[in-house]
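A.B. asks: Sharing a structure with you now.
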Amino acid sequence: MNDIRRTILWVIFGFSLVLLWDQWQVFNGNKPTFLPSTKPAATAPAAGTPAANNGVPTAAAAAGGTAGAVPTQAAPAAPREQVVVTTDLFKATIDSEGATVNHLELLKYDEADRTKRVVLFENGSPATRYVAQTGLLNPVAGDAFPNHLTAMTPKAGPRAMADGQNSLEVSFESAPVGGLKYIKTYVFKRDDYVIGVRHEVVNVSDQPRDAQLYMQLLRHGTVAAGTMFGTNTFTGPAAYTNEKKFHKLDFKDIAKGKVEPPPPANDGWIAMVQHYFASAWLLKGDPASEQLRREFRVKDLGDNLFTVAMVATLPKIAPGATQVVNSALFAGPEEEKKLEAIAPGLDLVKDYGIFAIISKPLYWLLTQLHGILGNWGWAIVALVVLLKAAFYWLNAKAYASMAKMKAINPKIMEMRERLKDKPQEMQQEMMRIYKTEKVNPMGGCFPIVIQIPVFIALYWVLLSSVEMRHAPWIGWITDLSAPDPWYILPIVMTATSLFQTWLNPTPPDPMQAKLMWIMPLAFSVMFIFFPAGLVLYWITNNVLSIAQQWFINKRLGVLGK
């Protein structure tokens, strides 16, 4: 048994060294050596080139071409206007070419240096290209219809939301193309990250027209480097239908042709997901729009650009008639409760990893505690207190087992010294002592193993919750999602871990005993790079564990032995 425990300790120690090296690489701006790393950003093509303008994953010429395919060649040159719209939440830029949202700042969210706002959509930098596009497809071979390459004329009207104004509409209108005229209106509402988008398709020809409406998100494929243990929240396209549920569509799998989006459905949405923030296209606003038949498409455009699209089939449009479709573009933070209210399943863009079934109730409890305490740091402390209380008796059994091991440790050490030249007899004698003293050497491990999924789930809650971003605790901790700038919390965490090691029974094997002291020091280096909220959680857990173990050791008379 000692050989097995020694092997396990060496494996854990070796793995911790790997993690330390990778975190040191990330901290210095380099790619991790062993764990998942950032995909190099390739230069994106300039606007107007085929790759830059191909959104839905099929190709066709600007006029005519394959049925149901978005054009890839730029329309004839026309004066372009960048319409800047300002509301209480957004500073958006809408390109008159296709009325595409190609820049979107979230005015209530700062970047890490606090001097710049978070930019979700961006068309200026090749490495950060991320836009929201819409247009019309011709499902049969023939004339092209207005699309995201078509020049559109902004209608006159205000571009900034005034004080006391609750909504702001900005409209664009195309000239007739293929017998159809396309009018797109963005409806911004106060204190709402859901932008209403109304599509009006006018048949100006003398023949009925069949048309499809596509809504797509185009984004670069660069993914942030892993964090703790190489993990990070999901970044990439996603799709949802009530029947097939939530689909993560990984960039790497798309590039390899291994991704199959959900089959056509009468419901669902598409999204682009990243840490803390997401965008999504939804058919929303009236029953007729919400029940349109739609299909889902993903595409690798090359040059590190990817698209996810939703294509809705419109009813046949009679000559002179107008077909109105209401949709919504969500672009904002992944606030779970608000996402749940927008559309079924939209809260799933908040990535909890494989322990979502545990993470969601933990997040709910954390938000309730925050509502009472008014501070996310103290809410974390209170949550750990409640978890320790819930697992009190389970932990008590583990600590009692450790205390018994500590009590018989002198006897074990004496026996090992006496029989050090007789390993087989030593093992037999050790098992006899355990049996006589009614001690299970693994008794302190099983209760802790049972709790591991809960603590991992809580880690994901703290990692993925945008509420932790720039949330202060006390004094120097002004951002629970960032590392402690003065390293005070990691030092306290190390001290509590070492004290907890002292309370635990010393392993009979001298090498194991050394590792038991080295491992807290090794992991403490990793905690330098962890978000302050996670370190606070760990410190609180350590302090409560020490208090419980101290009490049990004192009651059993093994304190200090």
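Chain labels follow the order of the structure tokens: the first chain is A, the next B, and so on; residue numbering restarts at 1 in every chain, and ligands are counted from 1 in their shown order.
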Could you please write out, as a PyMOL selection string, every residue of stretch 141-293 of chain A that DSSP assigns to helix (DSSP H, G or I)?

C.D. replies: chain A and resi 228-230+251-255+287-290

A.B. asks: Can you list, as an MDAnalysis selection string, every residue of stretch 107-304 of chain A that DSSP puts in strand (DSSP E)?

C.D. replies: chainID A and resid 107:110 117:121 130:137 152:154 167:174 180:189 194:203 212:220 236:241 245:248 269:273 277:283 294:302

A.B. asks: Mind checking which residues fall within 12 Å of A:Trp364, counting only C-alpha atoms, ignoring those fewer than 2 positions away in the same chain, and posting them as a list in words?

C.D. replies: Glu335, Glu336, Lys337, Ile357, Ile358, Ser359, Lys360, Pro361, Leu362, Leu366, Thr367, Gln368, Leu369, His370, Gly371, Ala379, Leu383, Leu458, Val461 and Ser465 of chain A

A.B. asks: Can you tell me how far atom CA of A:Gly302 sits from atom CA of A:Thr150, in Å to one decimal?

C.D. replies: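 We find that atom CA of A:Gly302 and atom CA of A:Thr150 lie 22.9 Å from each other.
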
A.B. asks: Choose the residue, out of A:Pro287, A:Gly236, A:Pro139, A:Pro158, that has the smallest atom-to-atom separation from A:Asp351; count only C-alpha atoms.

C.D. replies: A:Gly236

A.B. asks: For A:His199, work out the shell of residues within 9 Å, counting only C-alpha atoms and skipping chain neighbours fewer than 6 positions away, then give it as a PyMOL selection string.

C.D. replies: chain A and resi 182-185+213+323-327

A.B. asks: Which residue gives the smallest distance to A:Gln207 among A:Ala112, A:Asp163, A:Gly320, A:Thr313, with only C-alpha atoms counted?

C.D. replies: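 Among the listed residues, A:Gly320 lies closest to A:Gln207.
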
A.B. asks: Which polymer residues have any atom within 6 Å of an atom of A:Phe527, counting only C-alpha atoms, with same-chain residues fewer than 3 positions away left out, as a PyMOL selection string?

C.D. replies: chain A and resi 490+524+530

A.B. asks: Write out as a VMD selection string the residues lying within 12 Å of A:Ala356, counting only C-alpha atoms and excluding same-chain residues fewer than 6 positions away.

C.D. replies: chain A and resid 347 to 350 362 to 363 453 to 454 456 to 461 464

A.B. asks: Rank nothing, just name the residue among A:Val223, A:Ala211, A:Ala99, A:Leu218 nearest to A:Lys299, using only C-alpha atoms.

C.D. replies: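 Nearest to A:Lys299: A:Leu218.
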
A.B. asks: Would you write out, as a tab-separated table, a table of all residues in stretch 279-312 of chain A that have an atom no more than 10 Å from an atom of stretch 244-265 of chain A, listing for each the closest atom pair and the distance in Å to one decimal, considering only C-alpha atoms and ordering rows by chain and rising residue number?

C.D. replies:
residue	atom	partner	partner_atom	distance
A:Gln291	CA	A:Ala265	CA	9.0
A:Leu292	CA	A:Ala265	CA	8.5
A:Arg293	CA	A:Ala265	CA	5.8
A:Arg294	CA	A:Pro264	CA	5.6
A:Glu295	CA	A:Pro264	CA	4.3
A:Phe296	CA	A:Pro261	CA	6.0
A:Arg297	CA	A:Pro261	CA	6.3
A:Val298	CA	A:Pro261	CA	7.0
A:Lys299	CA	A:Ile254	CA	6.8
A:Asp300	CA	A:Ala255	CA	5.6
A:Leu301	CA	A:Ala255	CA	8.8
A:Gly302	CA	A:Ala255	CA	8.3
A:Asn304	CA	A:Ala255	CA	9.0
A:Leu305	CA	A:Phe251	CA	9.2
A:Phe306	CA	A:Phe251	CA	7.5
A:Thr307	CA	A:Phe251	CA	9.7
A:Val308	CA	A:Leu249	CA	9.0
A:Ala309	CA	A:Pro261	CA	10.0
A:Met310	CA	A:Pro264	CA	9.5
A:Val311	CA	A:Pro264	CA	9.3
A:Ala312	CA	A:Pro264	CA	9.5

A.B. asks: Pick out the residues sitting within 8 Å of stretch 413-417 of chain A, and hand them over as a PDB file with N, CA and C atoms, in the first residue's frame; count only C-alpha atoms, and ignore anything fewer than 4 positions along from it in its own chain.

C.D. replies:
ATOM      1  N   ASN A 409       0.740   6.975  14.897  1.00  0.00           N
ATOM      2  CA  ASN A 409       1.913   7.192  14.061  1.00  0.00           C
ATOM      3  C   ASN A 409       3.217   6.840  14.788  1.00  0.00           C
ATOM      4  N   MET A 426       7.163  -6.151   7.555  1.00  0.00           N
ATOM      5  CA  MET A 426       6.741  -4.796   7.918  1.00  0.00           C
ATOM      6  C   MET A 426       5.318  -4.520   7.450  1.00  0.00           C
ATOM      7  N   GLU A 429       2.852  -6.471   9.633  1.00  0.00           N
ATOM      8  CA  GLU A 429       2.738  -5.892  10.963  1.00  0.00           C
ATOM      9  C   GLU A 429       1.931  -4.586  10.914  1.00  0.00           C
ATOM     10  N   MET A 430       2.154  -3.798   9.841  1.00  0.00           N
ATOM     11  CA  MET A 430       1.407  -2.550   9.689  1.00  0.00           C
ATOM     12  C   MET A 430      -0.083  -2.824   9.563  1.00  0.00           C
ATOM     13  N   PRO A 508       4.272   7.322   7.159  1.00  0.00           N
ATOM     14  CA  PRO A 508       5.419   6.546   7.656  1.00  0.00           C
ATOM     15  C   PRO A 508       6.615   6.620   6.734  1.00  0.00           C
TER      16      PRO A 508
END

A.B. asks: Would you compute the distance between atom CA of A:Gly221 and atom CA of A:Trp281? Give it in Å to one decimal.

C.D. replies: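 Spanning atom CA of A:Gly221 to atom CA of A:Trp281 is a straight-line distance of 18.8 Å.
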